[in-house]
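Right, one structure below, let's go through it.
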Protein chains: 2
Amino acid sequence: MEFSQDGLASVAVDLLVFTIDEGKLKILTIRRQYPPFAGFRALPGVFVGPEETLDQAALRGLREETGLDSIYFEQLYTFGAPDRDPRRRVISVSYLALVDAQRLKGVAPGLRTTEAELSDVRELLAAEDVAFDHREIIAYGRQRLAGKVEYTPIAFSLVPEEFTLPQLQRVYEILLDRPLYKANFRKKIAPLVEETDRSTSGDAHRPSRLYRLRRGE
Amino acid sequence: MEFSQDGLASVAVDLLVFTIDEGKLKILTIRRQYPPFAGFRALPGVFVGPEETLDQAALRGLREETGLDSIYFEQLYTFGAPDRDPRRRVISVSYLALVDAQRLKGVAPGLRTTEAELSDVRELLAAEDVAFDHREIIAYGRQRLAGKVEYTPIAFSLVPEEFTLPQLQRVYEILLDRPLYKANFRKKIAPLVEETDRSTSGDAHRPSRLYRLRRGE
DNA sequence: CAAATAGTGTCTTTGAGACACTATCGT
DNA sequence: ACGATAGTGTCTCAAAGACACTATTTG
């Protein structure tokens, strides 16, 4: 009755590292050196080691690719079409990760040993030079990101430890792709944040108070 | 630099087939015949065939296990701890599926070639005889199910084509594990359903009108 | 008519949305 | 004083929650 197939395949973790840069949503991509899809952009990823959990593999990949630890991440979805990699069967467990752009640039000068770059997500989703099924994966991650912004504090991961409310609002607007009313946004966000005693300064306008994510409870 | 490991593993699809029976949330389990975990209950599953997508494997498993096609299902989460199967590395892509109990019982007389049974989910989550990491998987699925009830029409998959509103309300109450106010429930559900011209009859109380899911925009 | 469940009307509270106004910086 | 952005007060409207009432069947 049963197939004696036991579903053998290579298992990889692909990383969707989103960040906000130049007022746009961007994602970390690498430029492929070898076929298939040489010269195309792809998501960074690693194969899952024999002693690793999936989360550990994701964490290792994030460290390798960004030089950072302690990044927000969560498993996204698993892609496993039989022909998604022309060479052999590869199951890709994708992970969504969020980093503040400052941290990304701070740690890795020139960004990494591998040729990592930040691609504008909107551009990437319309581009032709995306390897494998990675455009589809990115589209799915983009959607999940937009969805979760509405009912989780996920957006705080895209902003420095201390941030102004206008700054946070811009992040929400980019993720949701629509303008928000200032007053309403603040009312909604208020219970999630706490004031610091600091403010911005030096700009040719009123300074903005810095907040941080309210922790605990 | 790179490991020459290529993440080789067996890839399986495990099925969480939820249904509502005897006023309780239940899930389809099989009784294991052989070690490891002989005599324990486990989720039904199949290995992914070399030419199959993950969804196709899930669909095949559902057919084999329930005798049914056209069941609501979606990918849930992928579990891949290195020691989750003591024999070898198995990556489990779990799928959540919902069926009306009538259909389940109708099609498969005695339920299946394999020893399938319906386990009370609450009981199962406290039980000791659950194989592998399946208790954890079920807990995760249970949570997702509760979450999605709130903002998707997912509950309709647990009810026959035509149903009464009190019946649907009971499903919601079971999934959310709390009582709902009748009037409010109906107001909320109203736009999603359309009346039929039929009603229940024969009960020692006022009959209840049958509705069906409003289809299309 | 009593028991039982189906179904409705309506008041209150909460939160989203929209808009207008005031505040504070640098030049 | 002006341009620019930060920050607040308040009205409206829609949805969620709570509760009390009416309706229709069988035995």
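Ordering of the structure tokens sets the chain letters (A, B, ...); residue numbers start at 1 within each chain; ligands are numbered from 1 in the order shown.
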Contact residues (chain B, partner chain C, 8 Å, only C-alpha atoms (C1' of nucleotides)) as JSON, numbers by chain: {"B": [183, 204, 205, 206, 207, 208]}
At most 9 Å to chain B: residues in chain A, only C-alpha atoms, as a PyMOL selection string: chain A and resi 2-3+5-12+46-55+75-83+89-91+93
Report the closest atom pair, with its distance in Å rounded to one decimal, for each residue of chain D that has an atom no farther than 9 Å from chain B; count only C-alpha atoms (C1' of nucleotides), sort by chain and then rising residue number, and write it as a Markdown table.
| residue | atom | partner | partner_atom | distance |
| --- | --- | --- | --- | --- |
| D:DA16 | C1' | B:Asn184 | CA | 7.7 |
| D:DG17 | C1' | B:Asn184 | CA | 7.7 |
| D:DA18 | C1' | B:Tyr181 | CA | 8.2 |
| D:DA23 | C1' | B:Arg206 | CA | 7.9 |
| D:DT24 | C1' | B:Arg206 | CA | 4.4 |
| D:DT25 | C1' | B:Arg206 | CA | 3.9 |
| D:DT26 | C1' | B:Ala204 | CA | 4.0 |
| D:DG27 | C1' | B:Ala204 | CA | 7.7 |
Write the selection just made, keeping C-alpha atoms (C1' of nucleotides), as a PDB file, in the first residue's frame?
ATOM      1  C1'  DA D  16     -19.274  45.109  19.840  1.00  0.00           C
ATOM      2  C1'  DG D  17     -21.431  43.970  24.015  1.00  0.00           C
ATOM      3  C1'  DA D  18     -25.238  43.335  27.156  1.00  0.00           C
ATOM      4  C1'  DA D  23     -42.308  33.818  18.660  1.00  0.00           C
ATOM      5  C1'  DT D  24     -43.275  29.036  17.478  1.00  0.00           C
ATOM      6  C1'  DT D  25     -42.995  24.441  17.947  1.00  0.00           C
ATOM      7  C1'  DT D  26     -44.211  19.533  20.645  1.00  0.00           C
ATOM      8  C1'  DG D  27     -46.294  16.967  24.269  1.00  0.00           C
TER       9       DG D  27
END
Secondary structure check, strand (DSSP E or B) residues of range 14-113 of chain B, as an MDAnalysis selection string: chainID B and resid 14:21 24:31 41:42 45:47 72:79 90:98
Preceding selection exported with C-alpha atoms as a short mmCIF file (atom, residue, chain, number, x, y, z; two decimals), in the first residue's frame:
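The new file part-v8.cif reads:
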data_model
loop_
_atom_site.label_atom_id
_atom_site.label_comp_id
_atom_site.auth_asym_id
_atom_site.auth_seq_id
_atom_site.Cartn_x
_atom_site.Cartn_y
_atom_site.Cartn_z
CA ASP B 14 1.03 15.55 8.76
CA LEU B 15 -2.69 16.21 8.77
CA LEU B 16 -4.73 17.91 11.45
CA VAL B 17 -8.27 17.01 10.48
CA PHE B 18 -10.53 18.87 12.86
CA THR B 19 -14.22 18.26 13.16
CA ILE B 20 -17.02 18.92 15.59
CA ASP B 21 -18.66 15.88 17.08
CA LYS B 24 -16.76 18.87 21.11
CA LEU B 25 -13.79 19.70 18.96
CA LYS B 26 -12.20 16.50 17.75
CA ILE B 27 -9.29 15.56 15.59
CA LEU B 28 -8.57 12.55 13.45
CA THR B 29 -5.89 10.28 14.93
CA ILE B 30 -4.54 6.88 14.10
CA ARG B 31 -3.35 4.25 16.50
CA ARG B 41 -2.03 7.98 18.95
CA ALA B 42 -0.56 10.00 16.13
CA GLY B 45 0.44 11.63 7.46
CA VAL B 46 2.16 10.70 4.25
CA PHE B 47 5.60 11.14 2.82
CA TYR B 72 -10.91 22.82 3.36
CA PHE B 73 -7.18 22.72 4.12
CA GLU B 74 -4.22 25.01 4.48
CA GLN B 75 -0.59 24.66 5.36
CA LEU B 76 -0.03 25.21 9.05
CA TYR B 77 3.59 25.09 10.13
CA THR B 78 6.72 23.06 9.58
CA PHE B 79 8.29 21.11 12.41
CA VAL B 90 12.00 13.82 9.28
CA ILE B 91 10.70 17.26 8.43
CA SER B 92 6.97 17.48 8.98
CA VAL B 93 4.96 20.01 7.06
CA SER B 94 1.68 20.13 8.93
CA TYR B 95 -1.65 20.91 7.34
CA LEU B 96 -4.82 22.01 9.03
CA ALA B 97 -8.04 20.63 7.57
CA LEU B 98 -11.68 21.08 8.52
#
Nearest residue to DC19 in chain D from the set B:Arg215, B:Lys182, B:Arg198, B:Arg135 (distances using only C-alpha atoms (C1' of nucleotides)):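 Counting only C-alpha atoms (C1' of nucleotides), the residue closest to DC19 in chain D is B:Lys182.
One finds CA of Asp177 in chain B at 15.4 Å from CA of Leu158 in chain B.
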Spatial neighbours of range 169-176 of chain B, max dist 12 Å, only C-alpha atoms (C1' of nucleotides), sep filter under 6 positions, as number ranges by chain: B: 18-26, 100-101, 120-122, 141-160, 163, 182-190
Point-to-point distance from CA of Gly106 in chain B to CA of Glu162 in chain B, Å rounded to tenths: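 Atom-to-atom, CA of Gly106 in chain B to CA of Glu162 in chain B, that is 16.0 Å.
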CA of Arg60 in chain B to CA of Tyr140 in chain B, straight-line distance in Å: 22.7 Å
Top pick for closest residue to Arg87 in chain A, considering A:Ser119, A:Pro36, A:Glu195, A:Leu104 and counting only C-alpha atoms: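 Going through A:Ser119, A:Pro36, A:Glu195, A:Leu104 one by one, the smallest distance to Arg87 in chain A is for A:Pro36.
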